[in-house]
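Trainee: Pasting data11.cif below, which is mmCIF, C-alpha atoms.
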data_run
#
loop_
_atom_site.label_atom_id
_atom_site.label_comp_id
_atom_site.auth_asym_id
_atom_site.auth_seq_id
_atom_site.Cartn_x
_atom_site.Cartn_y
_atom_site.Cartn_z
CA MET X 1 59.51 57.47 86.05
CA THR X 2 56.57 56.16 88.05
CA ARG X 3 54.81 55.08 84.87
CA TYR X 4 58.01 53.46 83.64
CA VAL X 5 58.37 51.44 86.82
CA ALA X 6 54.70 50.46 86.67
CA VAL X 7 55.07 49.19 83.11
CA ILE X 8 58.14 47.19 84.05
CA ALA X 9 56.41 45.79 87.11
CA SER X 10 53.47 44.71 84.97
CA ALA X 11 55.79 42.99 82.55
CA VAL X 12 57.48 41.20 85.42
CA VAL X 13 54.18 40.02 86.86
CA LEU X 14 52.97 38.84 83.48
CA GLY X 15 56.22 37.10 82.82
CA LEU X 16 56.40 35.44 86.20
CA ALA X 17 52.86 34.21 85.70
CA SER X 18 54.15 32.10 82.85
CA LEU X 19 56.50 30.39 85.26
CA ALA X 20 53.62 29.15 87.38
CA GLN X 21 52.58 25.57 86.79
CA ALA X 22 49.82 25.11 84.24
CA GLY X 23 46.66 23.51 85.51
CA GLN X 24 46.38 20.91 82.79
CA LEU X 25 48.22 18.19 80.94
CA VAL X 26 47.07 17.10 77.50
CA SER X 27 48.12 14.06 75.50
CA PRO X 28 48.99 14.06 71.86
CA PRO X 29 46.03 12.64 69.96
CA LEU X 30 46.07 9.08 68.60
CA PRO X 31 44.09 7.46 65.78
CA THR X 32 41.77 4.55 66.56
CA HIS X 33 41.78 2.28 63.53
CA PRO X 34 40.50 -1.31 63.78
CA PHE X 35 43.40 -3.57 64.65
CA ARG X 36 41.85 -6.83 63.59
CA THR X 37 38.37 -7.99 62.68
CA ASN X 38 36.21 -8.70 65.69
CA THR X 39 38.52 -7.09 68.20
CA SER X 40 37.46 -4.37 70.58
CA ASN X 41 38.96 -0.92 70.30
CA GLU X 42 39.65 0.84 73.60
CA ALA X 43 41.48 3.88 74.88
CA LEU X 44 42.81 4.29 78.39
CA CYS X 45 44.11 7.30 80.20
CA ARG X 46 46.26 6.63 83.23
CA ILE X 47 47.05 9.39 85.71
CA ARG X 48 49.50 9.08 88.57
CA ASN X 49 50.26 11.46 91.40
CA THR X 50 54.01 11.18 91.83
CA GLY X 51 54.08 13.69 94.66
CA SER X 52 53.38 13.24 98.33
CA ALA X 53 50.49 15.70 98.65
CA PRO X 54 46.96 14.74 97.58
CA VAL X 55 45.77 16.14 94.23
CA THR X 56 42.20 16.29 92.97
CA VAL X 57 42.14 15.39 89.28
CA THR X 58 39.57 15.88 86.55
CA VAL X 59 40.30 13.49 83.71
CA SER X 60 38.72 13.76 80.30
CA LEU X 61 39.14 11.05 77.66
CA PHE X 62 37.56 12.38 74.50
CA SER X 63 37.16 11.62 70.82
CA ASN X 64 35.79 13.31 67.72
CA ASN X 65 33.12 10.59 67.58
CA GLY X 66 30.97 8.82 70.14
CA THR X 67 32.59 6.71 72.83
CA VAL X 68 31.19 4.17 75.28
CA ASP X 69 32.13 4.49 78.93
CA GLU X 70 33.61 1.32 80.36
CA PHE X 71 35.51 2.13 83.55
CA ASP X 72 36.47 5.27 85.41
CA ASP X 73 38.08 5.27 88.80
CA CYS X 74 39.32 8.83 88.38
CA ARG X 75 35.89 9.78 89.68
CA GLY X 76 34.21 8.85 92.90
CA ASP X 77 30.44 9.21 93.21
CA GLY X 78 30.52 11.19 90.00
CA GLU X 79 32.96 13.72 91.37
CA PRO X 80 36.64 14.27 90.56
CA ARG X 81 38.75 12.01 92.72
CA THR X 82 41.56 13.06 95.00
CA LEU X 83 44.67 11.00 94.39
CA ALA X 84 46.85 10.46 97.42
CA GLY X 85 50.60 10.61 96.99
CA GLY X 86 51.72 7.75 94.77
CA GLU X 87 48.18 6.81 93.82
CA SER X 88 46.98 6.41 90.26
CA CYS X 89 43.68 6.14 88.44
CA VAL X 90 42.49 5.12 85.00
CA VAL X 91 39.68 5.98 82.61
CA LEU X 92 38.75 3.37 80.00
CA LYS X 93 36.37 3.85 77.09
CA PHE X 94 35.47 1.89 74.00
CA MET X 95 36.44 3.85 70.92
CA PRO X 96 34.80 4.37 67.56
CA ASP X 97 36.72 3.07 64.55
CA ASP X 98 38.76 5.40 62.37
CA SER X 99 38.54 8.29 64.80
CA PHE X 100 40.87 10.15 67.13
CA VAL X 101 41.27 10.17 70.88
CA ALA X 102 43.08 12.35 73.39
CA CYS X 103 43.22 12.73 77.14
CA LYS X 104 43.30 15.79 79.39
CA VAL X 105 43.79 16.08 83.13
CA THR X 106 43.21 19.29 85.03
CA ALA X 107 44.20 19.99 88.59
CA SER X 108 45.16 22.93 90.75
CA ASN X 109 48.78 21.90 90.28
CA VAL X 110 49.97 19.37 87.73
CA THR X 111 53.66 19.48 88.64
CA ASN X 112 53.61 16.01 90.14
CA LEU X 113 51.05 14.46 87.84
CA ARG X 114 52.05 12.06 85.10
CA GLY X 115 49.71 10.68 82.51
CA ARG X 116 49.64 8.29 79.60
CA LEU X 117 47.13 7.71 76.84
CA GLU X 118 47.00 4.20 75.40
CA VAL X 119 45.09 2.73 72.50
CA ASP X 120 44.27 -0.92 73.07
CA HIS X 121 42.75 -3.69 71.04
CA ASN X 122 41.18 -6.52 72.99
CA PHE X 123 42.78 -4.87 76.04
CA ASN X 124 46.30 -5.19 74.69
CA THR X 125 48.16 -1.91 74.36
CA ASN X 126 49.44 -1.20 70.88
CA VAL X 127 50.40 2.43 71.03
CA GLY X 128 50.73 5.01 73.79
CA VAL X 129 51.83 8.59 74.41
CA ASP X 130 52.55 10.67 77.50
CA LEU X 131 50.52 13.68 78.57
CA ARG X 132 52.43 16.93 78.81
CA MET R 1 66.41 52.99 91.69
CA ARG R 2 68.45 52.36 88.57
CA THR R 3 69.58 49.01 89.92
CA LEU R 4 66.01 48.13 90.80
CA ILE R 5 64.80 48.96 87.30
CA LEU R 6 67.64 47.01 85.75
CA ALA R 7 66.88 44.00 87.90
CA ALA R 8 63.19 44.25 87.09
CA VAL R 9 63.90 44.46 83.37
CA CYS R 10 66.18 41.43 83.53
CA ALA R 11 63.58 39.44 85.47
CA GLY R 12 60.89 40.53 83.06
CA VAL R 13 62.88 39.54 80.01
CA LEU R 14 63.82 36.19 81.52
CA ALA R 15 60.25 35.44 82.53
CA TRP R 16 58.83 36.78 79.31
CA SER R 17 61.05 34.47 77.31
CA GLY R 18 59.25 31.60 78.97
CA MET R 19 56.00 32.79 77.44
CA SER R 20 57.23 32.73 73.90
CA GLU R 21 56.61 29.46 72.10
CA ALA R 22 58.14 28.05 69.00
CA ALA R 23 55.71 28.08 66.13
CA GLN R 24 56.54 24.50 65.26
CA ILE R 25 56.41 21.12 66.93
CA SER R 26 58.08 18.10 65.39
CA SER R 27 58.36 14.39 65.93
CA ALA R 28 61.48 12.33 65.74
CA ALA R 29 62.00 10.38 62.53
CA ILE R 30 60.61 6.91 63.11
CA PHE R 31 60.72 3.62 61.25
CA GLY R 32 58.06 0.99 61.84
CA GLY R 33 59.61 -1.93 60.00
CA HIS R 34 59.94 -3.36 56.55
CA PHE R 35 56.21 -3.97 56.29
CA GLN R 36 55.19 -0.42 57.12
CA THR R 37 52.59 0.89 54.71
CA ARG R 38 51.19 4.08 56.17
CA ALA R 39 52.26 7.10 58.20
CA GLU R 40 49.56 9.10 59.93
CA CYS R 41 50.05 12.32 61.85
CA VAL R 42 47.30 13.68 64.08
CA VAL R 43 47.18 17.03 65.84
CA LEU R 44 44.78 18.43 68.41
CA ASN R 45 44.06 22.03 69.24
CA ALA R 46 43.89 21.75 73.02
CA GLY R 47 43.40 25.48 73.44
CA THR R 48 40.26 27.55 73.55
CA LYS R 49 40.67 29.55 70.35
CA PRO R 50 40.72 28.52 66.67
CA MET R 51 44.19 28.24 65.22
CA ALA R 52 45.44 27.98 61.66
CA THR R 53 47.58 24.85 61.55
CA THR R 54 49.61 23.06 58.92
CA VAL R 55 50.64 19.43 59.30
CA LYS R 56 53.32 17.78 57.19
CA ILE R 57 54.75 14.30 56.99
CA LEU R 58 58.36 14.30 55.82
CA ASN R 59 60.52 11.50 54.52
CA ASP R 60 64.19 10.82 55.19
CA ASN R 61 65.26 13.44 52.71
CA GLY R 62 63.12 16.15 54.25
CA GLU R 63 60.72 15.95 51.33
CA THR R 64 57.01 16.39 52.00
CA ALA R 65 55.20 13.07 51.76
CA ALA R 66 51.82 14.53 52.70
CA THR R 67 50.51 17.85 53.94
CA SER R 68 47.28 19.40 55.18
CA ASN R 69 46.13 22.81 56.34
CA CYS R 70 43.27 21.12 58.20
CA SER R 71 40.75 22.71 55.80
CA GLY R 72 40.97 26.01 57.61
CA PRO R 73 41.52 27.08 61.21
CA LEU R 74 41.47 24.22 63.68
CA ALA R 75 38.69 24.86 66.18
CA ALA R 76 39.25 24.46 69.91
CA GLY R 77 39.22 20.76 70.76
CA GLU R 78 39.33 19.76 67.10
CA PHE R 79 41.53 17.05 65.62
CA CYS R 80 43.25 17.12 62.24
CA SER R 81 45.15 14.35 60.54
CA VAL R 82 47.19 13.71 57.46
CA ALA R 83 48.31 10.34 56.13
CA ALA R 84 50.96 9.23 53.69
CA ALA R 85 51.03 5.90 51.96
CA ILE R 86 54.44 4.29 52.22
CA THR R 87 54.78 2.69 48.84
CA PHE R 88 58.50 2.78 48.35
CA GLN R 89 60.50 0.53 50.60
CA ASN R 90 64.01 1.90 50.68
CA PRO R 91 66.37 -0.86 49.51
CA LEU R 92 68.80 0.20 52.22
CA ALA R 93 66.17 -0.23 54.87
CA SER R 94 67.27 -3.70 55.87
CA LEU R 95 70.78 -2.38 56.41
CA ASN R 96 70.32 1.06 57.84
CA PHE R 97 66.75 1.22 59.04
CA MET R 98 66.13 4.01 56.63
CA ASN R 99 62.80 4.94 55.07
CA SER R 100 61.79 6.68 58.26
CA PHE R 101 59.19 9.43 58.53
CA SER R 102 58.64 12.44 60.72
CA CYS R 103 55.86 14.95 61.23
CA VAL R 104 55.89 18.72 61.67
CA ALA R 105 52.99 20.94 62.73
CA THR R 106 53.19 24.70 62.47
CA ALA R 107 50.92 27.33 63.99
CA ALA R 108 51.12 30.83 65.37
CA SER R 109 51.56 29.29 68.80
CA THR R 110 52.17 25.67 69.66
CA ALA R 111 51.57 26.00 73.41
CA ASN R 112 48.22 24.24 73.10
CA LEU R 113 48.99 22.12 70.09
CA ARG R 114 49.54 18.40 70.58
CA GLY R 115 50.42 15.84 67.95
CA ALA R 116 51.60 12.32 67.32
CA LEU R 117 52.93 10.38 64.36
CA VAL R 118 51.99 6.72 64.00
CA ILE R 119 53.42 4.22 61.53
CA TYR R 120 51.16 1.33 60.47
CA GLN R 121 51.30 -1.92 58.65
CA ASP R 122 48.41 -3.29 56.63
CA VAL R 123 47.37 -6.71 57.81
CA PHE R 124 44.98 -8.59 55.56
CA ASP R 125 42.23 -10.56 57.23
CA VAL R 126 41.70 -13.58 54.98
CA VAL R 127 38.48 -14.60 56.73
CA PHE R 128 36.71 -11.29 56.27
CA GLY R 129 38.65 -10.19 53.21
CA ILE R 130 39.58 -6.77 54.55
CA SER R 131 42.76 -4.99 55.52
CA ASN R 132 43.34 -3.56 58.96
CA LEU R 133 45.86 -0.99 60.06
CA GLN R 134 48.05 -2.12 62.91
CA PRO R 135 50.25 0.45 64.63
CA MET R 136 53.96 -0.43 64.64
CA THR R 137 55.46 2.58 66.38
CA SER R 138 54.67 6.16 67.28
CA ALA R 139 56.30 9.41 68.34
CA PRO R 140 54.91 12.57 69.91
CA LEU R 141 55.39 16.00 68.37
CA GLN R 142 57.14 18.36 70.75
#
Would it be possible to restate this file's structure as structure tokens?
Mentor:
Amino acid sequence: MTRYVAVIASAVVLGLASLAQAGQLVSPPLPTHPFRTNTSNEALCRIRNTGSAPVTVTVSLFSNNGTVDEFDDCRGDGEPRTLAGGESCVVLKFMPDDSFVACKVTASNVTNLRGRLEVDHNFNTNVGVDLR
Amino acid sequence: MRTLILAAVCAGVLAWSGMSEAAQISSAAIFGGHFQTRAECVVLNAGTKPMATTVKILNDNGETAATSNCSGPLAAGEFCSVAAAITFQNPLASLNFMNSFSCVATAASTANLRGALVIYQDVFDVVFGISNLQPMTSAPLQ
């Protein structure tokens, strides 16, 4: 009986663990084809803390080919930034042609974080997807 | 004790059910417009282990327009895409916005699988003599 209860308790703990909030949100990937000749090709990842408590976020905007950093205010002094309640940040990189891009944010609790990946051309958004 | 065990079992089953994931994620069917020429579906293995994945683009009739098994297991952090040329413009499209496409990705677990379907139009650049792909609409797989 003791063993039986222990097994059940383990199952409960394991199961309840799945109910805890995951520590990351990941976007669907997007392609980065040239939009028009002589236009720049950028990707942006926007993260917003919709809660009231501060959250320290680590944002990664990545591709299968080389990118060029342009702007990142999700970091401060090279370290992950803490977003106050209602605050947002953005990472912007120039993208290689005919590649793929995605965005990931990790935090101790992502319940109140919202994120969006956008693919821009000449800084005009043409397609975007939400992180989940 | 019996009540306690019963309650624990119920809680375990309920919680455990949250761990199980469907083995498939799908997009909505989307239509870019009458000048759409290409559907491209991209998936990302956002997990830490390789995962065998199949990606399919389907037309309005549920027929496969393009498929890929990503040339083997998709490594952690790896992307995989499949594209379908849209050569047939449904004559009913102007009336019913038909000729839409959707994408389905299947894997043992889709918890760490992300995907998006994008519909493009080809726009010819007369100055440089090349065609560019301009996104018209997109939908996530979920």
Trainee: Distance atom CA of Ala116 of chain R-atom CA of Leu44 of chain X, one decimal place?
Mentor: 16.3 Å
Trainee: With only C-alpha atoms as the counted atoms, please give the residues lying no more than 9 Å from Gly66 of chain X, apart from itself and same-chain residues fewer than 2 positions off, as number ranges by chain.
Mentor: X: 62-64, 68, 95-96
Trainee: To test your reading of the syntax: which residues would the PyMOL selection byres ((chain X and resi 124) around 12) return for the file shown? Reply as an MDAnalysis selection string.
Mentor: chainID X and resid 35 39:44 118:123 125:128
Trainee: When you draw a straight line from atom CA of Gly78 of chain X to atom CA of Val57 of chain X, how long is it in Å?
Mentor: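 Distance reported for this atom pair: 12.4 Å.
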Trainee: Under the rule that all atoms listed in the file are counted, which of R:Gly115, R:Gly33, R:Gly77, R:Gly129 is the nearest residue to chain X?
Mentor: R:Gly115
Trainee: If you measure from atom CA of Asp73 of chain X to atom CA of Pro28 of chain X, what distance in Å do you get, rounded to one decimal?
Mentor: 22.0 Å
Trainee: Assuming the chain letters and numbering stay as they are in my file, what does the PyMOL selection byres ((chain R and resi 141) around 8) actually select? List them as a PDB file with C-alpha atoms, in the frame of the given file.
Mentor:
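Here's the written file result_12.pdb:
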ATOM      1  CA  PRO X  28      48.990  14.060  71.860  1.00  0.00           C
TER       2      PRO X  28
ATOM      3  CA  ILE R  25      56.410  21.120  66.930  1.00  0.00           C
ATOM      4  CA  SER R  26      58.080  18.100  65.390  1.00  0.00           C
ATOM      5  CA  SER R  27      58.360  14.390  65.930  1.00  0.00           C
ATOM      6  CA  ALA R  28      61.480  12.330  65.740  1.00  0.00           C
ATOM      7  CA  CYS R 103      55.860  14.950  61.230  1.00  0.00           C
ATOM      8  CA  VAL R 104      55.890  18.720  61.670  1.00  0.00           C
ATOM      9  CA  ALA R 105      52.990  20.940  62.730  1.00  0.00           C
ATOM     10  CA  ARG R 114      49.540  18.400  70.580  1.00  0.00           C
ATOM     11  CA  GLY R 115      50.420  15.840  67.950  1.00  0.00           C
ATOM     12  CA  ALA R 116      51.600  12.320  67.320  1.00  0.00           C
ATOM     13  CA  LEU R 117      52.930  10.380  64.360  1.00  0.00           C
ATOM     14  CA  ALA R 139      56.300   9.410  68.340  1.00  0.00           C
ATOM     15  CA  PRO R 140      54.910  12.570  69.910  1.00  0.00           C
ATOM     16  CA  GLN R 142      57.140  18.360  70.750  1.00  0.00           C
TER      17      GLN R 142
END
Trainee: For the file shown, what are the residues hit by the PyMOL selection byres ((chain X and resi 84) around 9), laid out as a list in words?
Mentor: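 So the PyMOL selection byres ((chain X and resi 84) around 9), applied here, picks out Asn49, Gly51, Ser52, Ala53, Pro54, Val55, Thr56, Thr82, Leu83, Gly85, Gly86, Glu87 and Ser88 of chain X.
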Trainee: Name the residues in contact with Arg132 of chain X at a cut-off of 10 Å, using all atoms listed in the file, excluding same-chain residues fewer than 6 positions from it; report them as a ChimeraX atom specification.
Mentor: /X:24-28,104-105,110,113-116 /R:114,142
Trainee: Between R:Ala107, R:Ala23, R:Leu113, R:Val55, which is the closest to Ala76 of chain R once you count only C-alpha atoms?
Mentor: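 Under the stated criterion, the closest residue is R:Leu113.
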Trainee: Take the point (38.3, 25.9, 65.3) as written in the file and pick out every residue within 8 Å of it, counting only C-alpha atoms; give the list as a PyMOL selection string.
Mentor: chain R and resi 45+49-51+73-78
Trainee: Using all atoms listed in the file, find the one residue out of R:Ala52, R:Ala65, R:Val123, R:Ala46 that sits nearest to Thr106 of chain R.
Mentor: R:Ala52
